[in-house]
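Novice: Input file: query_30.txt. Contents: compact mmCIF, C-alpha atoms.
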```txt
# COMPACT_ATOMS: atom_id res chain seq x y z
CA MET I 9 -2.25 21.65 117.03
CA GLN I 10 0.28 19.39 115.38
CA SER I 11 -1.71 19.55 112.14
CA THR I 12 -1.86 23.34 112.29
CA GLY I 13 1.90 23.53 112.83
CA ASP I 14 2.53 21.25 109.85
CA GLU I 15 0.29 23.40 107.65
CA GLN I 16 2.14 26.57 108.67
CA LEU I 17 5.49 24.90 108.01
CA SER I 18 4.25 23.73 104.60
CA ALA I 19 3.00 27.24 103.74
CA GLN I 20 6.33 28.77 104.74
CA THR I 21 8.20 26.21 102.65
CA THR I 22 5.99 26.96 99.63
CA THR I 23 6.50 30.72 100.06
CA SER I 24 10.25 30.22 100.38
CA GLU I 25 10.33 28.14 97.19
CA SER I 26 8.30 30.81 95.36
CA ASP I 27 10.67 33.54 96.50
CA THR I 28 13.65 31.44 95.43
CA GLU I 29 12.11 30.87 92.03
CA ARG I 30 11.37 34.59 91.67
CA VAL I 31 14.97 35.46 92.52
CA LYS I 32 16.24 32.95 89.99
CA ASN I 33 14.09 34.56 87.32
CA GLU I 34 15.59 37.95 88.13
CA VAL I 35 19.20 36.76 87.96
CA PRO I 36 20.97 38.47 85.03
CA GLY I 37 21.38 36.06 82.13
CA SER I 38 18.37 33.91 83.02
CA HIS I 39 15.55 33.75 80.46
CA LYS I 40 11.79 33.67 80.92
CA LEU I 41 10.68 30.82 78.70
CA ASN I 42 7.06 32.00 78.59
CA TYR I 43 7.89 35.60 77.62
CA VAL I 44 6.14 36.91 74.51
CA LEU I 45 7.08 40.14 72.74
CA PRO I 46 4.38 42.85 72.69
CA SER I 47 2.35 42.83 69.48
CA THR I 48 3.69 46.23 68.36
CA VAL I 49 7.31 45.15 68.79
CA ALA I 50 6.67 41.84 67.04
CA SER I 51 4.96 43.65 64.15
CA VAL I 52 7.88 46.07 63.68
CA ARG I 53 10.39 43.22 63.91
CA ASP I 54 8.51 41.07 61.37
CA GLY I 55 8.18 44.02 59.00
CA TRP I 56 11.92 44.67 59.02
CA GLN I 57 12.62 40.96 58.63
CA TRP I 58 10.50 40.82 55.47
CA THR I 59 12.18 43.97 54.18
CA CYS I 60 15.67 42.58 54.79
CA GLN I 61 14.80 39.23 53.22
CA SER I 62 13.40 40.92 50.11
CA GLY I 63 16.43 43.22 50.00
CA ALA I 64 18.79 40.25 50.14
CA VAL I 65 17.06 38.62 47.17
CA VAL I 66 17.02 41.84 45.13
CA SER I 67 20.66 42.65 45.88
CA GLY I 68 21.74 39.12 44.95
CA LEU I 69 19.92 39.36 41.61
CA LEU I 70 21.37 42.80 40.88
CA ALA I 71 24.88 41.54 41.63
CA ALA I 72 24.36 38.70 39.15
CA ILE I 73 23.02 41.13 36.51
CA ALA I 74 25.98 43.46 37.04
CA ALA I 75 28.38 40.53 36.59
CA GLN I 76 26.72 39.63 33.29
CA LEU I 77 26.84 43.22 32.11
CA LEU I 78 30.51 43.42 33.03
CA THR I 79 31.22 40.58 30.62
CA LEU I 80 29.27 42.40 27.92
CA PHE I 81 30.84 45.79 28.55
CA SER I 82 34.40 44.45 28.70
CA THR I 83 34.35 43.56 25.01
CA PRO I 84 33.29 46.38 22.68
CA PRO I 85 31.22 45.21 19.68
CA PRO I 86 33.32 44.58 16.54
CA ASN I 87 30.91 46.52 14.29
CA GLN I 88 31.21 49.73 16.30
CA ALA I 89 31.52 52.73 13.99
CA SER I 90 33.96 54.65 16.15
CA PRO I 91 36.08 53.34 19.02
CA THR I 92 34.95 54.16 22.54
CA PRO I 93 37.28 56.57 24.38
CA GLN I 94 39.34 54.74 26.96
CA ALA I 95 38.15 57.03 29.77
CA VAL I 96 34.50 56.26 28.99
CA GLN I 97 35.23 52.54 28.78
CA ASP I 98 37.01 52.65 32.14
CA PHE I 99 34.10 54.55 33.71
CA LEU I 100 31.69 51.94 32.39
CA LEU I 101 33.67 49.09 33.93
CA ILE I 102 34.15 50.94 37.20
CA THR I 103 30.41 51.44 37.63
CA CYS I 104 29.87 47.73 36.97
CA TYR I 105 32.44 46.75 39.58
CA ILE I 106 30.88 49.17 42.07
CA ALA I 107 27.44 47.67 41.40
CA ILE I 108 28.74 44.14 42.00
CA PHE I 109 30.61 45.03 45.18
CA PHE I 110 27.88 47.13 46.80
CA ASN I 111 25.10 44.67 45.96
CA ILE I 112 27.09 41.79 47.43
CA ASN I 113 27.78 43.89 50.51
CA ALA I 114 24.07 44.75 50.80
CA THR I 115 23.20 41.04 50.63
CA ILE I 116 25.58 40.21 53.47
CA CYS I 117 24.27 43.14 55.53
CA SER I 118 20.72 41.84 55.04
CA PHE I 119 21.66 38.46 56.47
CA THR I 120 23.32 40.15 59.46
CA LEU I 121 20.25 42.29 60.15
CA ILE I 122 17.93 39.28 59.88
CA ASP I 123 20.08 37.45 62.41
CA LYS I 124 19.95 40.37 64.85
CA LEU I 125 16.17 40.63 64.48
CA GLY I 126 15.81 36.92 65.15
CA GLU I 127 17.63 37.27 68.48
CA ILE I 128 15.36 40.02 69.84
CA GLY I 129 12.89 37.66 71.53
CA PHE I 130 15.61 35.57 73.16
CA LYS I 131 17.60 38.54 74.45
CA THR I 132 14.53 40.39 75.69
CA SER I 133 13.39 37.37 77.70
CA ALA I 134 16.49 37.92 79.85
CA ASN I 135 16.42 41.74 79.85
CA ILE I 136 12.84 43.03 79.73
CA PRO I 137 12.67 46.83 79.17
CA SER I 138 10.93 49.01 81.73
CA CYS I 139 8.39 50.11 79.10
CA ASP I 140 7.23 46.53 78.54
CA PRO I 141 3.59 45.82 79.56
CA GLU I 142 4.89 43.00 81.76
CA LYS I 143 6.59 45.65 83.91
CA GLN I 144 3.44 47.80 84.06
CA GLY I 145 4.72 50.34 81.58
CA GLY I 146 3.39 49.64 78.13
CA GLN I 147 3.94 53.08 76.58
CA ILE I 148 6.94 54.63 74.88
CA THR I 149 7.65 57.53 72.50
CA CYS I 150 10.25 56.61 69.89
CA THR I 151 10.80 55.59 66.29
CA GLN I 152 10.65 52.04 64.98
CA GLU I 153 14.41 51.77 65.10
CA GLY I 154 14.48 53.14 68.63
CA LEU I 155 11.80 50.65 69.71
CA LEU I 156 13.85 47.73 68.43
CA GLN I 157 16.91 49.09 70.20
CA LYS I 158 14.92 49.25 73.44
CA TYR I 159 14.08 45.59 72.92
CA ASN I 160 17.71 44.51 72.65
CA ALA I 161 18.35 44.83 68.93
CA GLY I 162 21.71 46.27 69.98
CA ARG I 163 23.44 49.63 69.78
CA THR I 164 24.71 48.82 66.30
CA TRP I 165 21.21 48.22 64.91
CA ARG I 166 20.66 51.75 63.60
CA PRO I 167 24.18 52.17 62.08
CA MET I 168 23.93 48.74 60.46
CA LEU I 169 20.51 49.60 59.07
CA TRP I 170 21.77 52.81 57.47
CA PHE I 171 24.89 51.05 56.20
CA TRP I 172 22.72 48.40 54.54
CA LEU I 173 20.48 51.05 52.93
CA PHE I 174 23.55 52.97 51.72
CA ASN I 175 25.02 49.85 50.07
CA PHE I 176 21.66 48.92 48.57
CA PHE I 177 20.96 52.29 46.96
CA VAL I 178 24.55 52.80 45.77
CA GLY I 179 24.44 49.33 44.18
CA VAL I 180 21.17 50.13 42.38
CA LEU I 181 22.25 53.59 41.24
CA SER I 182 25.64 52.41 39.97
CA LEU I 183 23.93 49.71 37.92
CA ILE I 184 21.56 52.30 36.42
CA VAL I 185 24.50 54.60 35.63
CA SER I 186 26.41 51.80 33.92
CA ILE I 187 23.41 50.93 31.72
CA MET I 188 22.83 54.58 30.87
CA THR I 189 26.51 55.00 29.98
CA PHE I 190 26.37 52.00 27.66
CA VAL I 191 23.24 53.36 25.97
CA CYS I 192 24.93 56.72 25.48
CA ILE I 193 27.84 54.96 23.79
CA GLN I 194 25.91 52.52 21.60
CA GLY I 195 22.33 53.80 21.33
CA SER I 196 20.74 56.13 18.82
CA ILE I 197 19.62 59.65 19.68
CA ALA I 198 16.00 58.55 20.02
CA MET I 199 17.00 55.73 22.36
CA LYS I 200 19.18 58.04 24.47
CA THR I 201 16.42 60.63 24.79
CA THR I 202 13.66 58.16 25.61
CA LEU I 203 15.66 56.18 28.14
CA GLY I 204 17.13 59.32 29.70
CA LEU I 205 13.71 60.90 30.29
CA SER I 206 12.25 57.62 31.57
CA VAL I 207 15.05 57.07 34.06
CA PHE I 208 15.02 60.70 35.21
CA ILE I 209 11.26 60.83 35.85
CA ASP I 210 11.11 57.39 37.44
CA THR I 211 14.10 58.08 39.70
CA LEU I 212 12.71 61.46 40.75
CA VAL I 213 9.32 59.98 41.71
CA LEU I 214 10.94 57.05 43.51
CA PHE I 215 13.23 59.38 45.45
CA TYR I 216 10.23 61.49 46.48
CA PHE I 217 8.36 58.47 47.82
CA ILE I 218 11.41 57.22 49.71
CA VAL I 219 12.08 60.59 51.32
CA SER I 220 8.41 61.27 52.13
CA ASN I 221 8.00 57.82 53.66
CA GLY I 222 11.24 57.98 55.61
CA PHE I 223 10.61 61.43 57.13
CA ALA I 224 6.83 61.24 57.51
CA ASP I 225 5.42 62.04 60.93
```
Before anything else, please render the file you have as structure tokens.
Specialist:
Amino acid sequence: MQSTGDEQLSAQTTTSESDTERVKNEVPGSHKLNYVLPSTVASVRDGWQWTCQSGAVVSGLLAAIAAQLLTLFSTPPPNQASPTPQAVQDFLLITCYIAIFFNINATICSFTLIDKLGEIGFKTSANIPSCDPEKQGGQITCTQEGLLQKYNAGRTWRPMLWFWLFNFFVGVLSLIVSIMTFVCIQGSIAMKTTLGLSVFIDTLVLFYFIVSNGFAD
């Protein structure tokens, strides 16, 4: 009888410890160290991380190119047949400055987004969404951005993403405009026509792919 009583007391103690541990795990701010993100969430997160890392490299290179072009455009060539109108020269420099500023801004935004993506696993381990398979959900209807927001990417994730894309595309377009302006000033008619058609067709096709990919079902 004494042995049976000790076993019951031991079982109650074990159950009490398990309940205490379960309560600790549910305390807000505590983290489950063995939590693993669902494969779909991890795939979306990794994809955006690679995109942001590539964008940071591209934006940094474009900012450096724009800085070099600014040095070139600031000094008109001495053998120029006719002087460049001051308004055109100012427009050329303005587009270069815009390219530098927006590409630098896009680089910084990329680093910020990468940092937010890297914190998803840590934050989710303390605040697991109801749709997570661990909570017997496992299904959700939303976009990629909405999925990351559900998994604690933060309310500012979507605005920051659009702000980064805005800076990136404005930086690229302003650099293209500055080069085209310089060609229109210095280039021959054949060069202007060839480059103008090439840029127009390439930009139109690129814009189509971006829009079709961004708004595809």
Novice: Hey, which of I:Ser133, I:Ser38, I:Thr48, I:Gln94 ends up closest to Gln152 of chain I? Count only C-alpha atoms.
Specialist: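 Closest to Gln152 of chain I of all the choices is I:Thr48.
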Novice: Out of I:Pro137, I:Leu125, I:Ala71, I:Phe177, which residue has the shortest atom-to-atom distance to Ile218 of chain I when counting all atoms listed in the file?
Specialist: I:Phe177
Novice: Tell me, counting only C-alpha atoms, for each residue of segment 117-162 of chain I within 9 Å of segment 64-70 of chain I, which pair of atoms is nearest and how far apart they are in Å to one decimal, in rows ordered by chain and increasing number, as a tab-separated table.
Specialist:
```
residue	atom	partner	partner_atom	distance
I:Cys117	CA	I:Ala64	CA	8.2
I:Ser118	CA	I:Ala64	CA	5.5
I:Phe119	CA	I:Ala64	CA	7.2
```
Novice: Considering all atoms listed in the file, state which residue in the set I:Met199, I:Val219, I:Leu121, I:Tyr43 is at the smallest distance from Trp165 of chain I.
Specialist: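 So, comparing all the options, the nearest one is I:Leu121.
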Novice: With only C-alpha atoms as the basis for distance, which of I:Leu212, I:Val96, I:Ser186, I:Gln57 is at the shortest distance from Leu77 of chain I?
Specialist: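 Smallest distance to Leu77 of chain I is found for I:Ser186.
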Novice: Suppose you want the space between atom CA of Cys150 of chain I and atom CA of Tyr216 of chain I; what is it in Å?
Specialist: 23.9 Å
Novice: Between I:Ile128, I:Val185, I:Met168, I:Ile122, which is the closest to Ala74 of chain I once you count only C-alpha atoms?
Specialist: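 That would be I:Val185, the residue with the smallest distance to Ala74 of chain I.
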Novice: Which is closest to Phe110 of chain I among I:Phe215, I:Phe81, I:Phe176, I:Trp170, if we use all atoms listed in the file?
Specialist: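 Under the stated criterion, the closest residue is I:Phe176.
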Novice: Which distance in Å separates atom CA of Ile184 of chain I and atom CA of Thr120 of chain I, to one decimal?
Specialist: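 A separation of 26.1 Å between them.
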Novice: Excluding Cys192 of chain I and any residue of its chain fewer than 3 positions from it, enumerate the residues within 12 Å of it, using all atoms listed in the file, and give them as a ChimeraX atom specification.
Specialist: /I:92,96-97,100,185-189,195-204
Novice: Next, write the just-selected residues to a file, as a compact mmCIF listing (two decimals), keeping the file's coordinate frame, keeping C-alpha atoms as the atom set.
Specialist:
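See selection-v9.txt below for the written result:
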```txt
# COMPACT_ATOMS: atom_id res chain seq x y z
CA THR I 92 34.95 54.16 22.54
CA VAL I 96 34.50 56.26 28.99
CA GLN I 97 35.23 52.54 28.78
CA LEU I 100 31.69 51.94 32.39
CA VAL I 185 24.50 54.60 35.63
CA SER I 186 26.41 51.80 33.92
CA ILE I 187 23.41 50.93 31.72
CA MET I 188 22.83 54.58 30.87
CA THR I 189 26.51 55.00 29.98
CA GLY I 195 22.33 53.80 21.33
CA SER I 196 20.74 56.13 18.82
CA ILE I 197 19.62 59.65 19.68
CA ALA I 198 16.00 58.55 20.02
CA MET I 199 17.00 55.73 22.36
CA LYS I 200 19.18 58.04 24.47
CA THR I 201 16.42 60.63 24.79
CA THR I 202 13.66 58.16 25.61
CA LEU I 203 15.66 56.18 28.14
CA GLY I 204 17.13 59.32 29.70
```
Novice: Suppose you want the space between atom CA of Val191 of chain I and atom CA of Gly179 of chain I; what is it in Å?
Specialist: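 Between these atoms lies a distance of 18.7 Å.
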Novice: Need to verify the contact set: Ile106 of chain I, 9 Å, all atoms listed in the file, exclusion of same-chain residues closer than 5 positions in sequence. Can you return it as a list in words?
Specialist: Leu101, Asn111, Val178, Gly179, Ser182 and Leu183 of chain I
Novice: Would you kindly place N, CA, C and O atoms on segment 58-74 of chain I and return the model as a PDB file, keeping the file's coordinate frame?
Specialist:
```pdb
ATOM      1  N   TRP I  58      10.957  40.985  56.852  1.00  0.00           N
ATOM      2  CA  TRP I  58      10.500  40.820  55.470  1.00  0.00           C
ATOM      3  C   TRP I  58      11.239  41.774  54.544  1.00  0.00           C
ATOM      4  O   TRP I  58      11.617  41.409  53.415  1.00  0.00           O
ATOM      5  N   THR I  59      11.458  42.998  54.997  1.00  0.00           N
ATOM      6  CA  THR I  59      12.180  43.970  54.180  1.00  0.00           C
ATOM      7  C   THR I  59      13.611  43.520  53.911  1.00  0.00           C
ATOM      8  O   THR I  59      14.101  43.602  52.774  1.00  0.00           O
ATOM      9  N   CYS I  60      14.280  43.034  54.945  1.00  0.00           N
ATOM     10  CA  CYS I  60      15.670  42.580  54.790  1.00  0.00           C
ATOM     11  C   CYS I  60      15.753  41.337  53.911  1.00  0.00           C
ATOM     12  O   CYS I  60      16.680  41.197  53.100  1.00  0.00           O
ATOM     13  N   GLN I  61      14.798  40.422  54.061  1.00  0.00           N
ATOM     14  CA  GLN I  61      14.800  39.230  53.220  1.00  0.00           C
ATOM     15  C   GLN I  61      14.588  39.583  51.759  1.00  0.00           C
ATOM     16  O   GLN I  61      15.284  39.070  50.870  1.00  0.00           O
ATOM     17  N   SER I  62      13.627  40.479  51.497  1.00  0.00           N
ATOM     18  CA  SER I  62      13.400  40.920  50.110  1.00  0.00           C
ATOM     19  C   SER I  62      14.619  41.658  49.569  1.00  0.00           C
ATOM     20  O   SER I  62      15.006  41.478  48.407  1.00  0.00           O
ATOM     21  N   GLY I  63      15.238  42.504  50.426  1.00  0.00           N
ATOM     22  CA  GLY I  63      16.430  43.220  50.000  1.00  0.00           C
ATOM     23  C   GLY I  63      17.582  42.304  49.650  1.00  0.00           C
ATOM     24  O   GLY I  63      18.336  42.559  48.708  1.00  0.00           O
ATOM     25  N   ALA I  64      17.722  41.205  50.420  1.00  0.00           N
ATOM     26  CA  ALA I  64      18.790  40.250  50.140  1.00  0.00           C
ATOM     27  C   ALA I  64      18.595  39.595  48.779  1.00  0.00           C
ATOM     28  O   ALA I  64      19.552  39.419  48.003  1.00  0.00           O
ATOM     29  N   VAL I  65      17.348  39.242  48.466  1.00  0.00           N
ATOM     30  CA  VAL I  65      17.060  38.620  47.170  1.00  0.00           C
ATOM     31  C   VAL I  65      17.328  39.598  46.029  1.00  0.00           C
ATOM     32  O   VAL I  65      17.977  39.251  45.020  1.00  0.00           O
ATOM     33  N   VAL I  66      16.835  40.830  46.180  1.00  0.00           N
ATOM     34  CA  VAL I  66      17.020  41.840  45.130  1.00  0.00           C
ATOM     35  C   VAL I  66      18.493  42.152  44.921  1.00  0.00           C
ATOM     36  O   VAL I  66      18.975  42.216  43.771  1.00  0.00           O
ATOM     37  N   SER I  67      19.231  42.327  46.002  1.00  0.00           N
ATOM     38  CA  SER I  67      20.660  42.650  45.880  1.00  0.00           C
ATOM     39  C   SER I  67      21.428  41.502  45.233  1.00  0.00           C
ATOM     40  O   SER I  67      22.336  41.736  44.426  1.00  0.00           O
ATOM     41  N   GLY I  68      21.076  40.270  45.575  1.00  0.00           N
ATOM     42  CA  GLY I  68      21.740  39.120  44.950  1.00  0.00           C
ATOM     43  C   GLY I  68      21.492  39.076  43.449  1.00  0.00           C
ATOM     44  O   GLY I  68      22.411  38.814  42.654  1.00  0.00           O
ATOM     45  N   LEU I  69      20.243  39.345  43.037  1.00  0.00           N
ATOM     46  CA  LEU I  69      19.920  39.360  41.610  1.00  0.00           C
ATOM     47  C   LEU I  69      20.634  40.492  40.881  1.00  0.00           C
ATOM     48  O   LEU I  69      21.139  40.306  39.765  1.00  0.00           O
ATOM     49  N   LEU I  70      20.682  41.661  41.511  1.00  0.00           N
ATOM     50  CA  LEU I  70      21.370  42.800  40.880  1.00  0.00           C
ATOM     51  C   LEU I  70      22.863  42.557  40.751  1.00  0.00           C
ATOM     52  O   LEU I  70      23.481  42.973  39.760  1.00  0.00           O
ATOM     53  N   ALA I  71      23.454  41.878  41.730  1.00  0.00           N
ATOM     54  CA  ALA I  71      24.880  41.540  41.630  1.00  0.00           C
ATOM     55  C   ALA I  71      25.128  40.598  40.458  1.00  0.00           C
ATOM     56  O   ALA I  71      26.113  40.742  39.724  1.00  0.00           O
ATOM     57  N   ALA I  72      24.220  39.631  40.277  1.00  0.00           N
ATOM     58  CA  ALA I  72      24.360  38.700  39.150  1.00  0.00           C
ATOM     59  C   ALA I  72      24.185  39.434  37.817  1.00  0.00           C
ATOM     60  O   ALA I  72      24.924  39.171  36.846  1.00  0.00           O
ATOM     61  N   ILE I  73      23.224  40.355  37.744  1.00  0.00           N
ATOM     62  CA  ILE I  73      23.020  41.130  36.510  1.00  0.00           C
ATOM     63  C   ILE I  73      24.243  41.992  36.215  1.00  0.00           C
ATOM     64  O   ILE I  73      24.696  42.082  35.052  1.00  0.00           O
ATOM     65  N   ALA I  74      24.794  42.619  37.240  1.00  0.00           N
ATOM     66  CA  ALA I  74      25.980  43.460  37.040  1.00  0.00           C
ATOM     67  C   ALA I  74      27.167  42.631  36.550  1.00  0.00           C
ATOM     68  O   ALA I  74      27.960  43.102  35.716  1.00  0.00           O
TER      69      ALA I  74
END
```
